[in-house]
Every structure is written in C-alpha cells, then in structure tokens.
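S.K.: Sharing a structure with you now.
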Amino acid sequence: MRNVLELHHDLVAGTYQHGGYHHFKIVDPKPRDIHKASVRDRLLHHALYRQLYPFFDHTFISDSYSCRKEKGTHKAMNRFRSFARQTSKNDTRTCWVLKCDIRKFFASIDQAILMDILRLYVPDQDILWLIGRVVESFHSTAPGKGLPLGNLTSQLLVNIYMNKFDQFAKHHLKAKQYVRYADDFVFLSTDREWLDSLIPRISTFLQDRLTLKLHPDKVSIRTLASGVDFLGWVHFPDHRVLRTATKRRMFRALQGGKERLATRHSYLGMLSHGNSYTLRQQIEYPSKS
C-alpha cells in the first residue's frame with residue numbers, strides 16, 4: 001500500500017522518477033542479462049501495459065507473435081507449418097525458407113526512434129511522458145540504447161518497434177508467407193532468387209530505419225525438406241523434431257527425479273506439439289529408458 005500511495009502522489013504531482021534495476025543473469029538457452037525493476041515501478045509498468053496493449057495489438061499484423069494474447073510459440077509454429085503447406089502445394093513443389101535473426105535485439109533498440117513511433121499513435125502527452133520515464137530508465141551499451149528484458153512494458157514496446165518492419169515486409173516486400181516471433185522471422189517461397197534478393201533490402205531497412213543489424217551467423221536459406229530450425233524445433237514437410245540443443249537442455253533440467261514433477265509436466269506439454277513419442281516415453285518412464 002505504501003508503494004501505491006507514493007506512486008499515486010508522484011504521478012499526480014508530475015514528479016515520478018523510475019528507480020534502478022536489480023541485475024542478474026540467466027541461461028535460457030544462451031546467457032541473458034535480466035534487469036528487474038522495483039515493486040513500485042512494476043506497478044506502473046502493469047498500468048501502462050493495460051492501457052496500451054489493447055490499442056496497439058490491433059495495429060499489429062496477424063503473423064507477428066510473442067507476448068501477444070493467443071499468439072505464443074505454438075501458434076507461430078502452426079502458422080509456419082500452414083504456410084509451408086501452402087508454399088509447397090502440399091509437398092509438390094520445393095519450399096525455400098529464409099530465416100533471419102537480429103543481433104543483440106533488446107540491447108540495440110534506439111529509444112529516440114521508439115518514442116518517435118509512439119508519438120504517431122499516442123496523442124496524450126502525460127502518457128508519452130510516463131513511457132519516456134520508463135524507456136529512459138535503462139541503457140545497454142550507450143545512453144539512448146536498449147530496453148531491459150525484465151520489464152513487462154519492454155515486451156510490448158519491442159513489438160511496436162518491430163511493427164514497422166512487419167509493415168515493410170507485407171507492403172513493400174510483398175511477402176505473403178512471413179512469420180515473426182520477437183527477433184526471429186522467416187519468409188517462405190518457391191523462388192530462392194527472390195529470397196536472396198530480400199536479404200540486402202531487409203538489412204538496409206533494419207539498419208537505416210531501426211538501427212538494427214541482422215546476425216551474420218543466423219541468416220540462412222534452406223529447403224523445408226532439409227529441415228528448418230525455427231523456435232526450438234526442426235521443421236520438415238510432414239513432421240517436426242525437437243532441436244538437439246533444446247533436447248539436451250531439457251534432460252539437464254529434468255535431472256533430480258520427483259522434485260522436478262512440475263518441470264516434467266511442462267516439458268511433456270511442449271513435446272505434445274511435435275513428433276516426440278520416444279522422448280515423451282523417456283520422460284514419463286525414465287527407469288525404462
């Protein structure tokens with residue numbers, strides 16, 4: 001209650017200042033820096049999110065996923081599979097997939113560009129001022145750069161930021177089969193040359209308009225028949241299998257027996273979305289594997 005009353009007073013007086021962050025690291029699966037705000041500041045994050053999300057969600061394209069209601073990992077994978085079937089004409093044509101990843105995504109968000117985008121949609125100056133306090137409370141490699149992974153608002157703000165690219169992909173690149181999940185995105189086509197031609201156009205737009213860079217080691221064009229690694233699964237025309245690194249991480253997490261019951265059920269739920277009968281048996285009946 002003290003946090004609520006103090007926050008209310010500062011908001012009414014126009015003196016609100018965002019506090020610092022508690023920093024810690026996780027490995028999921030790669031090392032990530034998490035910055036956690038205080039309880040007081042998280043109250044404001046939730047209030048802003050509740051007001052902003054319903055409006056901005058309607059401005060996003062249907063095929064952007066991550067941190068959207070009913071737009072999680074499994075929905076993104078199912079959409080990818082649907083596009084693959086459309087592109088390949090039910091596996092009668094070669095389906096090529098351009099897969100891209102943005103280098104240091106959260107750390108590279110340009111705060112000035114983000115605020116300029118928000119001004120196009122939010123006329124209320126008080127709300128813009130509040131968002132500005134949250135955005136400016138953090139910087140990664142340099143002042144004015146980055147959003148903290150730990151903020152609820154960051155999940156929405158990066159989707160608002162990347163919506164500019166989504167619109168570019170749909171309206172300028174004329175991509176019909178395109179799926180984005182956070183900073184991972186794919187284009188599907190039967191025309192490999194067209195996909196090749198997209199890479200410099202994508203790179204230029206991201207660099208010039210959003211100050212983002214493609215990860216040089218994570219841009220690839222492959223046929224679906226050879227397997228496409230997307231969102232933790234390797235996708236083929238008629239099935240998908242768990243990525244090897246995800247599989248290893250899963251078995252490491254399950255070491256510990258019965259005290260890991262909740263973790264085991266979580267992984268069983270995940271495995272139900274792919275071709276993983278043997279893996280499910282190994283988890284459900286570890287003594288027999």
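A note on labels: chains of the structure tokens are A, B, ... as shown, every chain counts residues from 1, and ligands are counted from 1 in their shown order.
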Set the distance at 10 Å and use only C-alpha atoms: which residues neighbour Lys164 in chain A once local chain neighbours fewer than 3 positions away are removed? I'd like the list as JSON, numbers by chain.

M.R.: {"A": [60, 117, 159, 160, 161, 167, 168, 169, 205, 206, 209, 210]}

S.K.: Go ahead and dump the residues you just picked, all heavy atoms, as a compact mmCIF listing (two decimals), in the first residue's frame.

M.R.:
# COMPACT_ATOMS: atom_id res chain seq x y z
N PHE A 60 -1.03 -4.42 -35.07
CA PHE A 60 -0.04 -5.41 -35.48
C PHE A 60 -0.60 -6.31 -36.58
O PHE A 60 -1.81 -6.55 -36.64
CB PHE A 60 0.40 -6.27 -34.29
CG PHE A 60 1.03 -5.52 -33.16
CD1 PHE A 60 0.96 -6.00 -31.86
CD2 PHE A 60 1.70 -4.32 -33.39
CE1 PHE A 60 1.53 -5.31 -30.81
CE2 PHE A 60 2.29 -3.62 -32.34
CZ PHE A 60 2.20 -4.11 -31.05
N ILE A 117 8.03 6.74 -32.89
CA ILE A 117 6.96 5.85 -33.34
C ILE A 117 5.74 6.00 -32.43
O ILE A 117 4.60 6.09 -32.90
CB ILE A 117 7.44 4.38 -33.36
CG1 ILE A 117 8.53 4.19 -34.42
CG2 ILE A 117 6.27 3.43 -33.61
CD1 ILE A 117 9.21 2.84 -34.37
N ASN A 159 7.49 -5.02 -29.79
CA ASN A 159 6.54 -5.35 -30.85
C ASN A 159 6.08 -4.10 -31.60
O ASN A 159 5.88 -4.13 -32.82
CB ASN A 159 5.34 -6.10 -30.26
CG ASN A 159 5.56 -7.59 -30.18
OD1 ASN A 159 6.36 -8.16 -30.92
ND2 ASN A 159 4.86 -8.25 -29.27
N ILE A 160 5.90 -3.00 -30.87
CA ILE A 160 5.57 -1.73 -31.52
C ILE A 160 6.71 -1.30 -32.43
O ILE A 160 6.50 -0.85 -33.56
CB ILE A 160 5.29 -0.65 -30.45
CG1 ILE A 160 4.03 -1.00 -29.65
CG2 ILE A 160 5.16 0.73 -31.09
CD1 ILE A 160 3.80 -0.12 -28.43
N TYR A 161 7.93 -1.47 -31.95
CA TYR A 161 9.12 -1.11 -32.72
C TYR A 161 9.23 -1.96 -33.99
O TYR A 161 9.39 -1.44 -35.10
CB TYR A 161 10.34 -1.34 -31.83
CG TYR A 161 11.61 -0.63 -32.24
CD1 TYR A 161 11.79 0.72 -31.99
CD2 TYR A 161 12.68 -1.34 -32.82
CE1 TYR A 161 12.98 1.36 -32.31
CE2 TYR A 161 13.86 -0.71 -33.14
CZ TYR A 161 14.01 0.64 -32.89
OH TYR A 161 15.18 1.27 -33.22
N GLN A 167 5.29 -4.21 -41.28
CA GLN A 167 4.55 -3.49 -42.33
C GLN A 167 5.39 -3.39 -43.61
O GLN A 167 4.86 -3.51 -44.73
CB GLN A 167 4.16 -2.08 -41.85
CG GLN A 167 3.30 -2.06 -40.60
CD GLN A 167 1.95 -2.73 -40.79
OE1 GLN A 167 1.40 -2.77 -41.90
NE2 GLN A 167 1.38 -3.26 -39.71
N PHE A 168 6.69 -3.19 -43.44
CA PHE A 168 7.60 -3.17 -44.59
C PHE A 168 7.60 -4.51 -45.30
O PHE A 168 7.54 -4.59 -46.54
CB PHE A 168 9.01 -2.81 -44.10
CG PHE A 168 10.09 -2.94 -45.15
CD1 PHE A 168 10.20 -2.00 -46.17
CD2 PHE A 168 10.99 -4.00 -45.11
CE1 PHE A 168 11.20 -2.12 -47.13
CE2 PHE A 168 11.99 -4.13 -46.06
CZ PHE A 168 12.09 -3.18 -47.08
N ALA A 169 7.64 -5.59 -44.52
CA ALA A 169 7.67 -6.93 -45.11
C ALA A 169 6.41 -7.22 -45.90
O ALA A 169 6.46 -7.81 -46.99
CB ALA A 169 7.85 -7.97 -44.00
N PHE A 205 16.83 -1.80 -44.51
CA PHE A 205 15.70 -1.22 -43.77
C PHE A 205 15.96 -1.27 -42.26
O PHE A 205 15.75 -0.27 -41.56
CB PHE A 205 14.41 -1.98 -44.09
CG PHE A 205 13.20 -1.43 -43.36
CD1 PHE A 205 12.44 -0.42 -43.90
CD2 PHE A 205 12.85 -1.93 -42.10
CE1 PHE A 205 11.34 0.10 -43.22
CE2 PHE A 205 11.75 -1.43 -41.41
CZ PHE A 205 11.00 -0.41 -41.98
N LEU A 206 16.39 -2.41 -41.76
CA LEU A 206 16.63 -2.54 -40.33
C LEU A 206 17.70 -1.57 -39.86
O LEU A 206 17.57 -0.94 -38.80
CB LEU A 206 17.04 -3.98 -39.99
CG LEU A 206 15.95 -5.04 -40.10
CD1 LEU A 206 16.55 -6.44 -39.91
CD2 LEU A 206 14.83 -4.80 -39.11
N ARG A 209 16.33 2.40 -40.72
CA ARG A 209 15.09 2.86 -40.08
C ARG A 209 15.02 2.51 -38.60
O ARG A 209 14.40 3.24 -37.83
CB ARG A 209 13.88 2.25 -40.80
CG ARG A 209 13.79 2.66 -42.27
CD ARG A 209 13.42 4.13 -42.44
NE ARG A 209 12.10 4.38 -41.88
CZ ARG A 209 10.96 4.17 -42.53
NH1 ARG A 209 10.97 3.69 -43.78
NH2 ARG A 209 9.81 4.46 -41.97
N LEU A 210 15.68 1.41 -38.20
CA LEU A 210 15.53 0.95 -36.81
C LEU A 210 16.86 0.74 -36.10
O LEU A 210 16.87 0.32 -34.94
CB LEU A 210 14.73 -0.36 -36.79
CG LEU A 210 13.32 -0.30 -37.38
CD1 LEU A 210 12.68 -1.69 -37.41
CD2 LEU A 210 12.44 0.67 -36.59

S.K.: What lies within 10 Å of Asp229 in chain A using only C-alpha atoms, ignoring chain neighbours under 6 positions off, as a list in words?

M.R.: Lys99, Arg222, His235, Phe236, Arg240, Val241, Leu242 and Arg243 of chain A

S.K.: List the spatial neighbours of Val135 in chain A as a ChimeraX atom specification - criterion: any atom at most 8 Å away, only C-alpha atoms, same-chain residues fewer than 3 positions off excluded.

M.R.: /A:111,131-132,138,147

S.K.: Which one of A:His215, A:Arg201, A:His22, A:Arg180 sits closest to Cys67 in chain A if you count only C-alpha atoms?

M.R.: A:Arg180

S.K.: What gap, in Å, lies between CA of Arg68 in chain A and CA of Val27 in chain A?

M.R.: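 These two atoms are separated by 23.3 Å.
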
S.K.: As a compact mmCIF listing (two decimals) with C-alpha atoms, in the first residue's frame, list the residues of range 38-186 of chain A assigned to helix (DSSP H, G or I) by DSSP on the backbone atoms of this structure.

M.R.:
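File out07.txt, as written:
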# COMPACT_ATOMS: atom_id res chain seq x y z
CA VAL A 39 7.77 -3.30 -6.98
CA ARG A 40 6.77 0.37 -7.21
CA ASP A 41 7.97 0.71 -10.78
CA ARG A 42 6.46 -2.61 -11.82
CA LEU A 43 3.07 -1.32 -10.70
CA LEU A 44 3.41 1.47 -13.25
CA HIS A 45 4.59 -0.97 -15.94
CA HIS A 46 1.42 -3.04 -15.49
CA ALA A 47 -0.81 0.05 -15.54
CA LEU A 48 0.79 1.29 -18.77
CA TYR A 49 0.60 -2.17 -20.33
CA ARG A 50 -3.12 -2.50 -19.56
CA GLN A 51 -3.82 0.81 -21.29
CA LEU A 52 -1.50 0.42 -24.29
CA TYR A 53 -1.81 -3.26 -25.23
CA PRO A 54 -5.48 -3.33 -26.38
CA PHE A 55 -4.90 -0.42 -28.76
CA PHE A 56 -1.55 -1.44 -30.21
CA ASP A 57 -2.46 -5.09 -30.61
CA THR A 73 5.20 -20.18 -29.68
CA HIS A 74 2.86 -23.00 -30.69
CA LYS A 75 0.59 -20.70 -32.68
CA ALA A 76 3.65 -19.36 -34.51
CA MET A 77 4.87 -22.88 -35.31
CA ASN A 78 1.44 -23.92 -36.56
CA ARG A 79 1.29 -20.85 -38.78
CA PHE A 80 4.72 -21.72 -40.15
CA ARG A 81 3.50 -25.23 -40.94
CA SER A 82 0.38 -23.86 -42.65
CA PHE A 83 2.48 -21.51 -44.79
CA ALA A 84 4.85 -24.36 -45.64
CA ARG A 85 1.95 -26.44 -46.94
CA GLN A 86 0.61 -23.50 -48.95
CA THR A 87 4.00 -22.71 -50.45
CA SER A 88 4.87 -26.30 -51.34
CA PHE A 105 17.91 -7.28 -30.27
CA PHE A 106 16.83 -5.73 -26.95
CA ALA A 107 20.19 -4.02 -26.43
CA SER A 108 20.02 -2.38 -29.88
CA GLN A 111 14.98 4.86 -27.69
CA ALA A 112 14.58 8.06 -29.73
CA ILE A 113 13.19 6.13 -32.71
CA LEU A 114 10.87 4.20 -30.39
CA MET A 115 9.49 7.42 -28.88
CA ASP A 116 9.02 8.91 -32.38
CA ILE A 117 6.96 5.85 -33.34
CA LEU A 118 4.87 6.14 -30.18
CA ARG A 119 4.13 9.83 -30.87
CA LEU A 120 2.45 8.80 -34.12
CA TYR A 121 -0.13 6.81 -32.13
CA GLN A 125 1.32 13.97 -23.56
CA ASP A 126 1.07 12.67 -19.99
CA ILE A 127 1.13 9.06 -21.20
CA LEU A 128 4.06 9.81 -23.50
CA TRP A 129 5.89 11.44 -20.59
CA LEU A 130 5.35 8.33 -18.46
CA ILE A 131 6.51 5.98 -21.21
CA GLY A 132 9.55 8.20 -21.62
CA ARG A 133 10.40 7.85 -17.92
CA VAL A 134 10.28 4.07 -18.27
CA VAL A 135 12.23 3.92 -21.53
CA LEU A 152 6.62 -6.11 -18.94
CA THR A 153 6.45 -2.92 -20.99
CA SER A 154 9.55 -3.94 -22.95
CA GLN A 155 7.72 -6.91 -24.45
CA LEU A 156 5.04 -4.62 -25.87
CA LEU A 157 7.43 -1.85 -26.88
CA VAL A 158 9.63 -4.13 -28.99
CA ASN A 159 6.54 -5.35 -30.85
CA ILE A 160 5.57 -1.73 -31.52
CA TYR A 161 9.12 -1.11 -32.72
CA MET A 162 9.23 -4.18 -34.98
CA ASN A 163 5.75 -3.49 -36.34
CA LYS A 164 7.49 -1.02 -38.65
CA PHE A 165 9.44 -3.92 -40.13
CA ASP A 166 6.35 -6.13 -40.28
CA GLN A 167 4.55 -3.49 -42.33
CA PHE A 168 7.60 -3.17 -44.59
CA ALA A 169 7.67 -6.93 -45.11
CA LYS A 170 4.00 -7.11 -46.02
CA HIS A 171 3.51 -3.91 -48.03

S.K.: Name the residues of range 76-123 of chain A that come out as strand (DSSP E) in a backbone DSSP run; write them as a PyMOL selection string.

M.R.: chain A and resi 96-101

S.K.: Residues as selected, N, CA, C and O atoms, written as a short mmCIF file (atom, residue, chain, number, x, y, z; two decimals), in the first residue's frame, can you do that?

M.R.:
data_model
loop_
_atom_site.label_atom_id
_atom_site.label_comp_id
_atom_site.auth_asym_id
_atom_site.auth_seq_id
_atom_site.Cartn_x
_atom_site.Cartn_y
_atom_site.Cartn_z
N TRP A 96 11.35 -23.08 -50.15
CA TRP A 96 12.56 -22.48 -49.61
C TRP A 96 12.18 -21.56 -48.44
O TRP A 96 11.14 -20.91 -48.46
N VAL A 97 13.04 -21.53 -47.43
CA VAL A 97 12.78 -20.72 -46.24
C VAL A 97 13.99 -19.83 -45.94
O VAL A 97 15.10 -20.33 -45.75
N LEU A 98 13.75 -18.53 -45.93
CA LEU A 98 14.76 -17.57 -45.49
C LEU A 98 14.52 -17.31 -44.01
O LEU A 98 13.44 -16.85 -43.62
N LYS A 99 15.51 -17.63 -43.20
CA LYS A 99 15.40 -17.43 -41.76
C LYS A 99 16.40 -16.38 -41.31
O LYS A 99 17.58 -16.43 -41.70
N CYS A 100 15.94 -15.41 -40.51
CA CYS A 100 16.80 -14.32 -40.06
C CYS A 100 16.66 -14.11 -38.55
O CYS A 100 15.64 -14.47 -37.95
N ASP A 101 17.69 -13.51 -37.99
CA ASP A 101 17.72 -13.22 -36.55
C ASP A 101 18.43 -11.88 -36.38
O ASP A 101 19.38 -11.58 -37.09
#

S.K.: Under the rule that only C-alpha atoms are counted, which of A:Ser140, A:Ser203, A:Thr94, A:Ser226 is the nearest residue to Leu188 in chain A?

M.R.: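 Closest to Leu188 in chain A, using only C-alpha atoms: A:Thr94.
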
S.K.: Can you work out the spacing between CA of Arg32 in chain A and CA of Ile61 in chain A in Å, to one decimal?

M.R.: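 So the answer is 27.8 Å.
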
S.K.: Pick the closest to Asp191 in chain A from A:Val228, A:Val234, A:Val122, A:Cys95: which is it, counting only C-alpha atoms?

M.R.: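 Closest candidate: A:Cys95.
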